[in-house]
Amino acid sequence: MNRLLALLSIMWMATFASAADIVVEPGGNLHEALRQAREWRRTGDPRCIGGITIIVKPGRYYMSEPLFIRPEDSGTASSPLTIRGEEGAETIICGDQRQQHTQLWPQEGMERIIGFDTEKRTITIPTPPKTILSPHTSHHSPLEMLIHQRWAIAILRVKDTVAHGDSTVVTFHEPESRLEFEHPWPQPVIGGEKGNSSFLLRTTEQHDGIEQLLVIDGASHVYIRNITFEHTSWNRPLHKGHVTLQGGFPLVDAYKLKEHEGLPWDEGLENQAWIERPVSAVSVSHAKEVEFCDCTFRQLGSTALDFIDDTENCTVWSSTFEDIGGTAIMAGSFAESPREVHRPYPDLAKRCKGLRIHYNTIRRVGQEDWGAVAIGCGYVSNTEIMYNTVTDCPYSGICVGWGWTPHDTGMEQNTIQGNKVSRYATCLYDAGGIYTLSNQPGSVIRDNIISQPSSAPYATNDRAFCIYLDARTDGYTVFGNKTIDSDTLPNGLISIYDKRLRLIRRDEIGDNHPGPNLTFSPLP
């Protein structure tokens with residue numbers, strides 16, 4: 001009798017376990033589906049055995065607010081939470097059309113700046129046609145100026161223009177005017193090796209829209225599979241402009257040390273900067289074992305996918321990122337405010353460890369912010385960036401490290417291996433196909449295939465490299481990396497069979513005050 005009861009109990013539990021699929025049809029509510037899964041977890045429902053899967057049927061799911069996955073939604077190793085679309089069809093979680101711009105002048109390309117006055121906080125440009133300025137001179141004008149600043153851009157809302165014959169003096173709204181003119185790097189270059197910095201004038205066509213689609217905060221053992229994330233806005237430039245330090249990170253305060261330059265950890269330091277993190281369509285925080293597999297991220301206004309803080313053993317696998325306004329994949333702390341970014345912070349790298357970014361295709365990033373990158377990792381440890389294909393980047397391709405310091409950063413054991421990087425530095429220089437910062441003991445850059453930097457038409461210097469070991473990079477072993485003279489095949493992928501494939505030469509590796517523990521093997 002007891003054996004019979006046990007058997008019936010197992011059959012009863014199996015029946016409910018097989019019913020742990022929650023199906024959402026087009027027009028259905030993803031929030032309600034997640035709430036149902038949460039209630040099963042809360043009540044210990046037998047349907048949780050083996051995991052809960054929310055199957056989202058093909059179609060478009062428009063979001064008026066992001067889907068929040070919280071600690072109460074966490075699965076376990078034996079009972080994960082899975083949200084997936086169906087294979088062979090497209091399930092799209094989407095928002096509004098992303099921000100659109102109309103370039104007014106010059107009609108094609110960019111125009112060189114004439115002057116940059118930090119005291120008067122003005123920029124002097126060649127006088128545009130009257131038809132460009134006259135409709136856009138009121139306080140409510142949507143006119144903005146995008147400025148090329150070597151390794152970053154600035155987007156400044158135009159306050160006023162005063163023409164003086166062939167030249168016009170432009171002033172800007174706050175807070176971006178203060179940030180643009182007080183912080184020394186980057187600023188427009190006047191009298192550069194290859195000419196002055198450049199600019200364009202444009203208007204924006206979109207009002208505020210939804211910026212986030214999915215927020216995973218405090219939940220673990222969550223798997224997102226075969227989902228497309230599409231169409232988010234980027235609202236910041238409409239209200240505050242956009243003045244960046246590097247890598248798409250907007251400044252919230254910044255200035256130059258005017259007396260007694262230097263601090264104990266860097267005697268030559270002249271600038272202070274506090275930044276905030278760009279908004280992301282999909283974000284992960286305080287989480288373990290979160291996986292994105294076979295997903296698509298496209299036409300997103302700012303960052304696509306961001307592992308913000310306190311993440312461990314997360315994975316991005318076999319996914320596609322294309323037409324991204326900012327960075328495709330971001331991870332780890334970048335010492336955002338209230339911390340000042342140029343200090344060494346050895347505690348931060350422990351808060352993003354074991355991240356695996358494998359076999360992804362990333363193309364056309366930085367469509368809104370040219371200073372963004374394909375993969376941007378700050379303070380991270382034990383991170384693997386392997387076998388990804390990266391192409392069409394206005395600045396750098398794969399970036400690891402932050403801090404500009406030779407001191408202990410906590411960053412260690414990071415691997416950049418087997419990636420293919422092409423058509424990078426198409427707009428901005430001081431760039432690398434692979435780019436690193438600061439001390440990262442036990443780290444490796446190996447067996448990557450990297451094209452030569454693009455010929456950026458408005459670059460003010462020649463600082464672009466296949467591999468760029470920037471400010472105080474140390475602890476890396478660099479070997480087995482190759483390049484080709486021709487960028488790509490017609491499909492945008494590098495051919496590993498190209499006869500011109502060869503080892504990257506030492507002069508194709510840039511370094512900036514490198515540390516003593518860099519190893520290059522073999523070098524031609």
# chains A, B, ... in the order shown; residues from 1 in each chain; ligands from 1
call {"tool": "closest_atom_pairs", "arguments": {"of": "stretch 84-130 of chain A", "to": "stretch 159-183 of chain A", "cutoff": "12 Å", "atoms": "only C-alpha atoms", "output": "CSV"}}
result
residue,atom,partner,partner_atom,distance
A:Arg112,CA,A:Ser167,CA,11.7
A:Ile113,CA,A:Ser167,CA,10.0
A:Ile114,CA,A:Ser167,CA,8.0
A:Gly115,CA,A:Val169,CA,8.8
A:Phe116,CA,A:Phe181,CA,8.8
A:Asp117,CA,A:Phe181,CA,7.9
A:Thr118,CA,A:Phe181,CA,5.0
A:Glu119,CA,A:Phe181,CA,7.8
A:Lys120,CA,A:Thr171,CA,8.8
A:Arg121,CA,A:Phe181,CA,6.0
A:Thr122,CA,A:Thr171,CA,5.1
A:Ile123,CA,A:Val170,CA,5.3
A:Thr124,CA,A:Val169,CA,4.5
A:Ile125,CA,A:Thr168,CA,5.4
A:Pro126,CA,A:Ser167,CA,4.5
A:Thr127,CA,A:Ser167,CA,4.7
A:Pro128,CA,A:Thr168,CA,7.8
A:Pro129,CA,A:Asp166,CA,10.2
A:Lys130,CA,A:Ala163,CA,9.7
call {"tool": "residues_around", "arguments": {"residues": "A:Val478", "least_positions_apart": "5", "cutoff": "10 Å", "atoms": "only C-alpha atoms", "output": "ChimeraX atom specification"}}
result
/A:416,443-448,467,509,518-523
call {"tool": "write_last_selection", "arguments": {"atoms": "N, CA, C and O atoms", "output": "PDB file, in the first residue's frame"}}
result
ATOM      1  N   ILE A 416      40.765  37.434 -23.396  1.00  0.00           N
ATOM      2  CA  ILE A 416      40.225  37.921 -24.673  1.00  0.00           C
ATOM      3  C   ILE A 416      40.817  37.012 -25.742  1.00  0.00           C
ATOM      4  O   ILE A 416      41.983  37.150 -26.113  1.00  0.00           O
ATOM      5  N   SER A 443      46.131  37.977 -17.029  1.00  0.00           N
ATOM      6  CA  SER A 443      45.183  38.126 -18.134  1.00  0.00           C
ATOM      7  C   SER A 443      45.854  37.834 -19.476  1.00  0.00           C
ATOM      8  O   SER A 443      47.085  37.871 -19.600  1.00  0.00           O
ATOM      9  N   VAL A 444      45.031  37.545 -20.487  1.00  0.00           N
ATOM     10  CA  VAL A 444      45.551  37.051 -21.765  1.00  0.00           C
ATOM     11  C   VAL A 444      44.805  37.701 -22.926  1.00  0.00           C
ATOM     12  O   VAL A 444      43.576  37.848 -22.885  1.00  0.00           O
ATOM     13  N   ILE A 445      45.557  38.086 -23.962  1.00  0.00           N
ATOM     14  CA  ILE A 445      44.998  38.455 -25.271  1.00  0.00           C
ATOM     15  C   ILE A 445      45.640  37.505 -26.277  1.00  0.00           C
ATOM     16  O   ILE A 445      46.827  37.629 -26.587  1.00  0.00           O
ATOM     17  N   ARG A 446      44.875  36.547 -26.798  1.00  0.00           N
ATOM     18  CA  ARG A 446      45.491  35.526 -27.645  1.00  0.00           C
ATOM     19  C   ARG A 446      44.574  35.109 -28.787  1.00  0.00           C
ATOM     20  O   ARG A 446      43.340  35.112 -28.674  1.00  0.00           O
ATOM     21  N   ASP A 447      45.215  34.787 -29.913  1.00  0.00           N
ATOM     22  CA  ASP A 447      44.552  34.147 -31.057  1.00  0.00           C
ATOM     23  C   ASP A 447      43.362  34.937 -31.583  1.00  0.00           C
ATOM     24  O   ASP A 447      42.393  34.358 -32.088  1.00  0.00           O
ATOM     25  N   ASN A 448      43.419  36.259 -31.485  1.00  0.00           N
ATOM     26  CA  ASN A 448      42.388  37.093 -32.083  1.00  0.00           C
ATOM     27  C   ASN A 448      42.795  37.496 -33.492  1.00  0.00           C
ATOM     28  O   ASN A 448      43.983  37.572 -33.810  1.00  0.00           O
ATOM     29  N   ILE A 467      45.836  46.415 -31.385  1.00  0.00           N
ATOM     30  CA  ILE A 467      45.717  46.207 -29.939  1.00  0.00           C
ATOM     31  C   ILE A 467      46.279  47.447 -29.257  1.00  0.00           C
ATOM     32  O   ILE A 467      47.391  47.874 -29.549  1.00  0.00           O
ATOM     33  N   ILE A 509      50.779  47.444 -32.049  1.00  0.00           N
ATOM     34  CA  ILE A 509      50.307  47.389 -30.670  1.00  0.00           C
ATOM     35  C   ILE A 509      50.691  48.704 -30.001  1.00  0.00           C
ATOM     36  O   ILE A 509      51.865  48.980 -29.771  1.00  0.00           O
ATOM     37  N   LEU A 518      54.135  42.958 -18.795  1.00  0.00           N
ATOM     38  CA  LEU A 518      53.516  42.601 -20.062  1.00  0.00           C
ATOM     39  C   LEU A 518      54.421  41.615 -20.790  1.00  0.00           C
ATOM     40  O   LEU A 518      55.643  41.784 -20.820  1.00  0.00           O
ATOM     41  N   THR A 519      53.832  40.594 -21.386  1.00  0.00           N
ATOM     42  CA  THR A 519      54.590  39.581 -22.116  1.00  0.00           C
ATOM     43  C   THR A 519      54.072  39.504 -23.541  1.00  0.00           C
ATOM     44  O   THR A 519      52.861  39.390 -23.760  1.00  0.00           O
ATOM     45  N   PHE A 520      54.974  39.575 -24.525  1.00  0.00           N
ATOM     46  CA  PHE A 520      54.613  39.455 -25.928  1.00  0.00           C
ATOM     47  C   PHE A 520      55.318  38.231 -26.499  1.00  0.00           C
ATOM     48  O   PHE A 520      56.552  38.164 -26.486  1.00  0.00           O
ATOM     49  N   SER A 521      54.538  37.281 -26.966  1.00  0.00           N
ATOM     50  CA  SER A 521      55.146  36.057 -27.491  1.00  0.00           C
ATOM     51  C   SER A 521      54.172  35.362 -28.437  1.00  0.00           C
ATOM     52  O   SER A 521      53.013  35.119 -28.081  1.00  0.00           O
ATOM     53  N   PRO A 522      54.592  34.977 -29.633  1.00  0.00           N
ATOM     54  CA  PRO A 522      55.851  35.425 -30.244  1.00  0.00           C
ATOM     55  C   PRO A 522      55.624  36.731 -30.987  1.00  0.00           C
ATOM     56  O   PRO A 522      54.501  37.069 -31.331  1.00  0.00           O
ATOM     57  N   LEU A 523      56.688  37.468 -31.239  1.00  0.00           N
ATOM     58  CA  LEU A 523      56.622  38.686 -32.023  1.00  0.00           C
ATOM     59  C   LEU A 523      57.498  38.522 -33.259  1.00  0.00           C
ATOM     60  O   LEU A 523      58.609  37.992 -33.162  1.00  0.00           O
TER      61      LEU A 523
END
call {"tool": "select_by_dssp", "arguments": {"residues": "stretch 14-122 of chain A", "states": "strand (DSSP E or B)", "output": "ChimeraX atom specification"}}
result
/A:21-24,52-56,59-62,67-69,81-85,91-94,101-105,111-112,115-117,122
call {"tool": "write_last_selection", "arguments": {"atoms": "C-alpha atoms", "output": "mmCIF file, in the first residue's frame"}}
result
data_model
loop_
_atom_site.group_PDB
_atom_site.id
_atom_site.type_symbol
_atom_site.label_atom_id
_atom_site.label_comp_id
_atom_site.auth_asym_id
_atom_site.auth_seq_id
_atom_site.Cartn_x
_atom_site.Cartn_y
_atom_site.Cartn_z
ATOM 1 C CA ASP A 21 4.874 25.942 -18.801
ATOM 2 C CA ILE A 22 3.161 29.320 -18.829
ATOM 3 C CA VAL A 23 2.212 30.325 -22.377
ATOM 4 C CA VAL A 24 1.817 33.971 -23.403
ATOM 5 C CA ILE A 52 9.253 27.046 -14.750
ATOM 6 C CA THR A 53 9.235 28.048 -18.407
ATOM 7 C CA ILE A 54 7.389 31.095 -19.702
ATOM 8 C CA ILE A 55 6.883 30.436 -23.410
ATOM 9 C CA VAL A 56 6.308 33.670 -25.296
ATOM 10 C CA GLY A 59 4.723 38.316 -32.175
ATOM 11 C CA ARG A 60 5.359 41.818 -30.840
ATOM 12 C CA TYR A 61 4.964 42.656 -27.165
ATOM 13 C CA TYR A 62 4.945 46.425 -26.654
ATOM 14 C CA LEU A 67 9.563 43.741 -17.069
ATOM 15 C CA PHE A 68 11.122 43.379 -13.589
ATOM 16 C CA ILE A 69 12.556 40.032 -12.473
ATOM 17 C CA LEU A 81 13.195 30.261 -14.471
ATOM 18 C CA THR A 82 13.282 30.267 -18.270
ATOM 19 C CA ILE A 83 11.705 32.862 -20.537
ATOM 20 C CA ARG A 84 11.927 31.812 -24.158
ATOM 21 C CA GLY A 85 10.510 32.291 -27.594
ATOM 22 C CA THR A 91 9.297 36.883 -30.349
ATOM 23 C CA ILE A 92 9.907 40.629 -29.986
ATOM 24 C CA ILE A 93 9.796 42.585 -26.742
ATOM 25 C CA CYS A 94 9.867 46.190 -27.871
ATOM 26 C CA HIS A 101 17.940 62.851 -35.919
ATOM 27 C CA THR A 102 17.997 65.093 -38.968
ATOM 28 C CA GLN A 103 21.410 66.430 -39.901
ATOM 29 C CA LEU A 104 21.018 70.030 -41.014
ATOM 30 C CA TRP A 105 24.501 71.269 -41.787
ATOM 31 C CA GLU A 111 32.736 70.613 -40.850
ATOM 32 C CA ARG A 112 35.885 71.658 -39.010
ATOM 33 C CA GLY A 115 37.738 78.014 -32.353
ATOM 34 C CA PHE A 116 37.030 76.713 -28.830
ATOM 35 C CA ASP A 117 36.975 79.256 -25.969
ATOM 36 C CA THR A 122 31.773 79.295 -26.896
#
call {"tool": "residues_around", "arguments": {"residues": "A:Val400", "least_positions_apart": "5", "cutoff": "9 Å", "atoms": "only C-alpha atoms", "output": "PyMOL selection string"}}
result
chain A and resi 375-380+414+416+434-437
call {"tool": "closest_residue", "arguments": {"among": "A:Gly44, A:Pro250, A:Gly51, A:Pro71", "to": "A:Ser285", "atoms": "only C-alpha atoms"}}
result
A:Pro71
call {"tool": "closest_atom_pairs", "arguments": {"of": "stretch 351-375 of chain A", "to": "stretch 308-320 of chain A", "cutoff": "9 Å", "atoms": "only C-alpha atoms", "output": "CSV"}}
result
residue,atom,partner,partner_atom,distance
A:Arg351,CA,A:Asp310,CA,4.3
A:Cys352,CA,A:Thr311,CA,5.0
A:Lys353,CA,A:Glu312,CA,5.1
A:Gly354,CA,A:Asn313,CA,4.4
A:Leu355,CA,A:Cys314,CA,5.0
A:Arg356,CA,A:Thr315,CA,4.7
A:Ile357,CA,A:Val316,CA,4.9
A:His358,CA,A:Trp317,CA,5.1
A:Tyr359,CA,A:Ser318,CA,4.9
A:Asn360,CA,A:Ser318,CA,4.7
A:Thr361,CA,A:Thr320,CA,4.8
A:Ile362,CA,A:Thr320,CA,5.9
A:Arg363,CA,A:Thr320,CA,8.2
call {"tool": "write_last_selection", "arguments": {"atoms": "N, CA, C and O atoms", "output": "PDB file, in the first residue's frame"}}
result
ATOM      1  N   ARG A 351      32.928  42.431  -7.812  1.00  0.00           N
ATOM      2  CA  ARG A 351      31.487  42.549  -7.972  1.00  0.00           C
ATOM      3  C   ARG A 351      31.005  42.200  -9.381  1.00  0.00           C
ATOM      4  O   ARG A 351      29.817  42.300  -9.683  1.00  0.00           O
ATOM      5  N   CYS A 352      31.945  41.807 -10.232  1.00  0.00           N
ATOM      6  CA  CYS A 352      31.577  41.271 -11.552  1.00  0.00           C
ATOM      7  C   CYS A 352      32.617  40.223 -11.916  1.00  0.00           C
ATOM      8  O   CYS A 352      33.697  40.549 -12.389  1.00  0.00           O
ATOM      9  N   LYS A 353      32.297  38.965 -11.662  1.00  0.00           N
ATOM     10  CA  LYS A 353      33.276  37.910 -11.896  1.00  0.00           C
ATOM     11  C   LYS A 353      32.616  36.716 -12.583  1.00  0.00           C
ATOM     12  O   LYS A 353      31.419  36.469 -12.451  1.00  0.00           O
ATOM     13  N   GLY A 354      33.425  36.020 -13.339  1.00  0.00           N
ATOM     14  CA  GLY A 354      32.952  34.808 -13.992  1.00  0.00           C
ATOM     15  C   GLY A 354      32.013  35.058 -15.157  1.00  0.00           C
ATOM     16  O   GLY A 354      31.256  34.160 -15.543  1.00  0.00           O
ATOM     17  N   LEU A 355      32.065  36.244 -15.763  1.00  0.00           N
ATOM     18  CA  LEU A 355      31.204  36.538 -16.903  1.00  0.00           C
ATOM     19  C   LEU A 355      31.772  35.861 -18.153  1.00  0.00           C
ATOM     20  O   LEU A 355      32.972  35.934 -18.436  1.00  0.00           O
ATOM     21  N   ARG A 356      30.897  35.238 -18.926  1.00  0.00           N
ATOM     22  CA  ARG A 356      31.290  34.573 -20.170  1.00  0.00           C
ATOM     23  C   ARG A 356      30.533  35.213 -21.326  1.00  0.00           C
ATOM     24  O   ARG A 356      29.296  35.187 -21.367  1.00  0.00           O
ATOM     25  N   ILE A 357      31.292  35.790 -22.272  1.00  0.00           N
ATOM     26  CA  ILE A 357      30.729  36.399 -23.481  1.00  0.00           C
ATOM     27  C   ILE A 357      31.278  35.611 -24.661  1.00  0.00           C
ATOM     28  O   ILE A 357      32.410  35.830 -25.097  1.00  0.00           O
ATOM     29  N   HIS A 358      30.505  34.666 -25.167  1.00  0.00           N
ATOM     30  CA  HIS A 358      30.996  33.681 -26.132  1.00  0.00           C
ATOM     31  C   HIS A 358      30.135  33.642 -27.394  1.00  0.00           C
ATOM     32  O   HIS A 358      28.896  33.661 -27.313  1.00  0.00           O
ATOM     33  N   TYR A 359      30.781  33.563 -28.541  1.00  0.00           N
ATOM     34  CA  TYR A 359      30.138  33.234 -29.819  1.00  0.00           C
ATOM     35  C   TYR A 359      28.998  34.195 -30.188  1.00  0.00           C
ATOM     36  O   TYR A 359      27.983  33.775 -30.750  1.00  0.00           O
ATOM     37  N   ASN A 360      29.173  35.471 -29.906  1.00  0.00           N
ATOM     38  CA  ASN A 360      28.167  36.459 -30.271  1.00  0.00           C
ATOM     39  C   ASN A 360      28.593  37.211 -31.538  1.00  0.00           C
ATOM     40  O   ASN A 360      29.780  37.303 -31.853  1.00  0.00           O
ATOM     41  N   THR A 361      27.618  37.745 -32.233  1.00  0.00           N
ATOM     42  CA  THR A 361      27.858  38.589 -33.401  1.00  0.00           C
ATOM     43  C   THR A 361      27.406  40.002 -33.066  1.00  0.00           C
ATOM     44  O   THR A 361      26.255  40.214 -32.682  1.00  0.00           O
ATOM     45  N   ILE A 362      28.328  40.957 -33.211  1.00  0.00           N
ATOM     46  CA  ILE A 362      28.045  42.343 -32.841  1.00  0.00           C
ATOM     47  C   ILE A 362      28.418  43.233 -34.018  1.00  0.00           C
ATOM     48  O   ILE A 362      29.564  43.227 -34.463  1.00  0.00           O
ATOM     49  N   ARG A 363      27.465  44.000 -34.501  1.00  0.00           N
ATOM     50  CA  ARG A 363      27.745  44.870 -35.636  1.00  0.00           C
ATOM     51  C   ARG A 363      26.941  46.175 -35.531  1.00  0.00           C
ATOM     52  O   ARG A 363      25.822  46.196 -35.066  1.00  0.00           O
TER      53      ARG A 363
END
call {"tool": "closest_residue", "arguments": {"among": "A:Val373, A:Leu348, A:Ile484, A:Val189", "to": "A:Met411", "atoms": "only C-alpha atoms"}}
result
A:Leu348
call {"tool": "closest_atom_pairs", "arguments": {"of": "stretch 435-465 of chain A", "to": "stretch 420-430 of chain A", "cutoff": "7 Å", "atoms": "only C-alpha atoms", "output": "Markdown table"}}
result
| residue | atom | partner | partner_atom | distance |
| --- | --- | --- | --- | --- |
| A:Asn448 | CA | A:Lys420 | CA | 6.0 |
| A:Ile449 | CA | A:Lys420 | CA | 4.8 |
| A:Ile450 | CA | A:Val421 | CA | 4.8 |
| A:Ser451 | CA | A:Ser422 | CA | 4.9 |
| A:Pro453 | CA | A:Ala425 | CA | 5.8 |
| A:Ser454 | CA | A:Thr426 | CA | 5.2 |
| A:Ser455 | CA | A:Thr426 | CA | 6.5 |
| A:Ala456 | CA | A:Thr426 | CA | 4.7 |
| A:Pro457 | CA | A:Cys427 | CA | 6.9 |
| A:Tyr458 | CA | A:Cys427 | CA | 6.8 |
| A:Ala459 | CA | A:Tyr429 | CA | 6.0 |
| A:Arg463 | CA | A:Asp430 | CA | 4.7 |
| A:Ala464 | CA | A:Asp430 | CA | 5.2 |
call {"tool": "closest_atom_pairs", "arguments": {"of": "stretch 96-185 of chain A", "to": "stretch 199-207 of chain A", "cutoff": "10 Å", "atoms": "only C-alpha atoms", "output": "tab-separated table"}}
result
residue	atom	partner	partner_atom	distance
A:Asp96	CA	A:Gln206	CA	9.8
A:Gln97	CA	A:Gln206	CA	8.6
A:Arg98	CA	A:Gln206	CA	8.0
A:Gln99	CA	A:Gln206	CA	5.5
A:Gln100	CA	A:Glu205	CA	5.5
A:His101	CA	A:Thr204	CA	4.5
A:Thr102	CA	A:Thr203	CA	5.3
A:Gln103	CA	A:Arg202	CA	4.2
A:Leu104	CA	A:Arg202	CA	4.9
A:Trp105	CA	A:Leu201	CA	5.2
A:Pro106	CA	A:Leu200	CA	6.2
A:Gln107	CA	A:Leu200	CA	8.7
A:Glu108	CA	A:Leu200	CA	9.2
A:Gly109	CA	A:Leu200	CA	7.9
A:Met110	CA	A:Leu200	CA	5.4
A:Glu111	CA	A:Phe199	CA	5.6
A:Arg112	CA	A:Phe199	CA	6.4
A:Ile113	CA	A:Phe199	CA	6.6
A:Ile125	CA	A:Phe199	CA	8.6
A:Pro128	CA	A:Leu201	CA	9.3
A:Ile132	CA	A:Leu201	CA	8.8
A:Leu133	CA	A:Leu201	CA	9.7
A:His136	CA	A:Thr203	CA	9.0
A:Ser141	CA	A:Thr203	CA	8.5
A:Pro142	CA	A:Thr203	CA	5.3
A:Leu143	CA	A:Thr203	CA	4.8
A:Glu144	CA	A:Arg202	CA	5.6
A:Met145	CA	A:Leu201	CA	4.7
A:Leu146	CA	A:Leu200	CA	5.5
A:Ile147	CA	A:Phe199	CA	4.4
A:His148	CA	A:Phe199	CA	6.0
A:Gln149	CA	A:Phe199	CA	9.2
A:Ile153	CA	A:Phe199	CA	9.4
A:Ala154	CA	A:Phe199	CA	9.5
A:Ile155	CA	A:Phe199	CA	9.7
A:Leu156	CA	A:Leu201	CA	9.8
A:Arg157	CA	A:Thr203	CA	9.5
A:Val158	CA	A:Leu201	CA	9.1
call {"tool": "atom_distance", "arguments": {"atom1": "atom CA of A:Ala431", "atom2": "atom CA of A:Leu469"}}
result
9.9 Å
call {"tool": "residues_around", "arguments": {"residues": "A:Gly218", "least_positions_apart": "2", "cutoff": "9 Å", "atoms": "only C-alpha atoms", "output": "PyMOL selection string"}}
result
chain A and resi 69-74+216+220+284-288
call {"tool": "select_by_dssp", "arguments": {"residues": "stretch 71-257 of chain A", "states": "alpha helix (DSSP H)", "output": "ChimeraX atom specification"}}
result
/A:130-133,176-182,236-240
call {"tool": "write_last_selection", "arguments": {"atoms": "N, CA and C atoms", "output": "compact mmCIF listing (two decimals), in the first residue's frame"}}
result
# COMPACT_ATOMS: atom_id res chain seq x y z
N LYS A 130 21.75 80.84 -43.91
CA LYS A 130 20.70 81.47 -43.11
C LYS A 130 19.50 80.56 -42.91
N THR A 131 19.24 79.74 -43.90
CA THR A 131 18.09 78.84 -43.80
C THR A 131 18.27 77.80 -42.71
N ILE A 132 19.50 77.56 -42.28
CA ILE A 132 19.77 76.59 -41.21
C ILE A 132 19.52 77.23 -39.85
N LEU A 133 20.04 78.46 -39.64
CA LEU A 133 19.98 79.07 -38.31
C LEU A 133 18.66 79.74 -38.00
N GLU A 176 25.32 70.95 -19.88
CA GLU A 176 26.39 70.47 -20.75
C GLU A 176 27.43 71.53 -21.06
N SER A 177 27.03 72.82 -21.03
CA SER A 177 28.01 73.87 -21.31
C SER A 177 29.12 73.87 -20.25
N ARG A 178 28.72 73.81 -18.98
CA ARG A 178 29.72 73.77 -17.90
C ARG A 178 30.64 72.56 -18.03
N LEU A 179 30.06 71.40 -18.26
CA LEU A 179 30.85 70.17 -18.33
C LEU A 179 31.79 70.18 -19.54
N GLU A 180 31.30 70.68 -20.64
CA GLU A 180 32.11 70.69 -21.86
C GLU A 180 33.35 71.57 -21.72
N PHE A 181 33.20 72.71 -21.06
CA PHE A 181 34.29 73.68 -21.05
C PHE A 181 35.16 73.60 -19.80
N GLU A 182 34.70 72.95 -18.73
CA GLU A 182 35.53 72.87 -17.51
C GLU A 182 36.43 71.64 -17.51
N ARG A 236 18.35 61.12 -22.54
CA ARG A 236 19.26 62.05 -21.88
C ARG A 236 19.61 63.29 -22.71
N PRO A 237 20.02 63.14 -23.98
CA PRO A 237 20.43 64.34 -24.73
C PRO A 237 19.32 65.37 -24.90
N LEU A 238 18.06 64.94 -24.83
CA LEU A 238 16.95 65.87 -24.98
C LEU A 238 16.85 66.83 -23.80
N HIS A 239 17.41 66.44 -22.63
CA HIS A 239 17.23 67.21 -21.41
C HIS A 239 18.54 67.77 -20.83
N LYS A 240 19.64 67.05 -21.04
CA LYS A 240 20.89 67.42 -20.40
C LYS A 240 22.06 67.53 -21.37
call {"tool": "residues_around", "arguments": {"residues": "stretch 339-344 of chain A", "least_positions_apart": "4", "cutoff": "6 Å", "atoms": "only C-alpha atoms", "output": "list of chain:residue names"}}
result
A:Ala273, A:Trp274, A:Ala335, A:Gly403, A:Thr409
call {"tool": "write_last_selection", "arguments": {"atoms": "C-alpha atoms", "output": "short mmCIF file (atom, residue, chain, number, x, y, z; two decimals), in the first residue's frame"}}
result
data_model
loop_
_atom_site.label_atom_id
_atom_site.label_comp_id
_atom_site.auth_asym_id
_atom_site.auth_seq_id
_atom_site.Cartn_x
_atom_site.Cartn_y
_atom_site.Cartn_z
CA ALA A 273 35.55 63.41 -13.19
CA TRP A 274 32.37 61.87 -11.86
CA ALA A 335 33.45 53.76 -10.68
CA GLY A 403 41.04 53.25 -13.69
CA THR A 409 42.69 47.09 -9.20
#
call {"tool": "closest_residue", "arguments": {"among": "A:Gly192, A:Gly515, A:Gly433, A:Gly366", "to": "A:Phe321", "atoms": "only C-alpha atoms"}}
result
A:Gly366
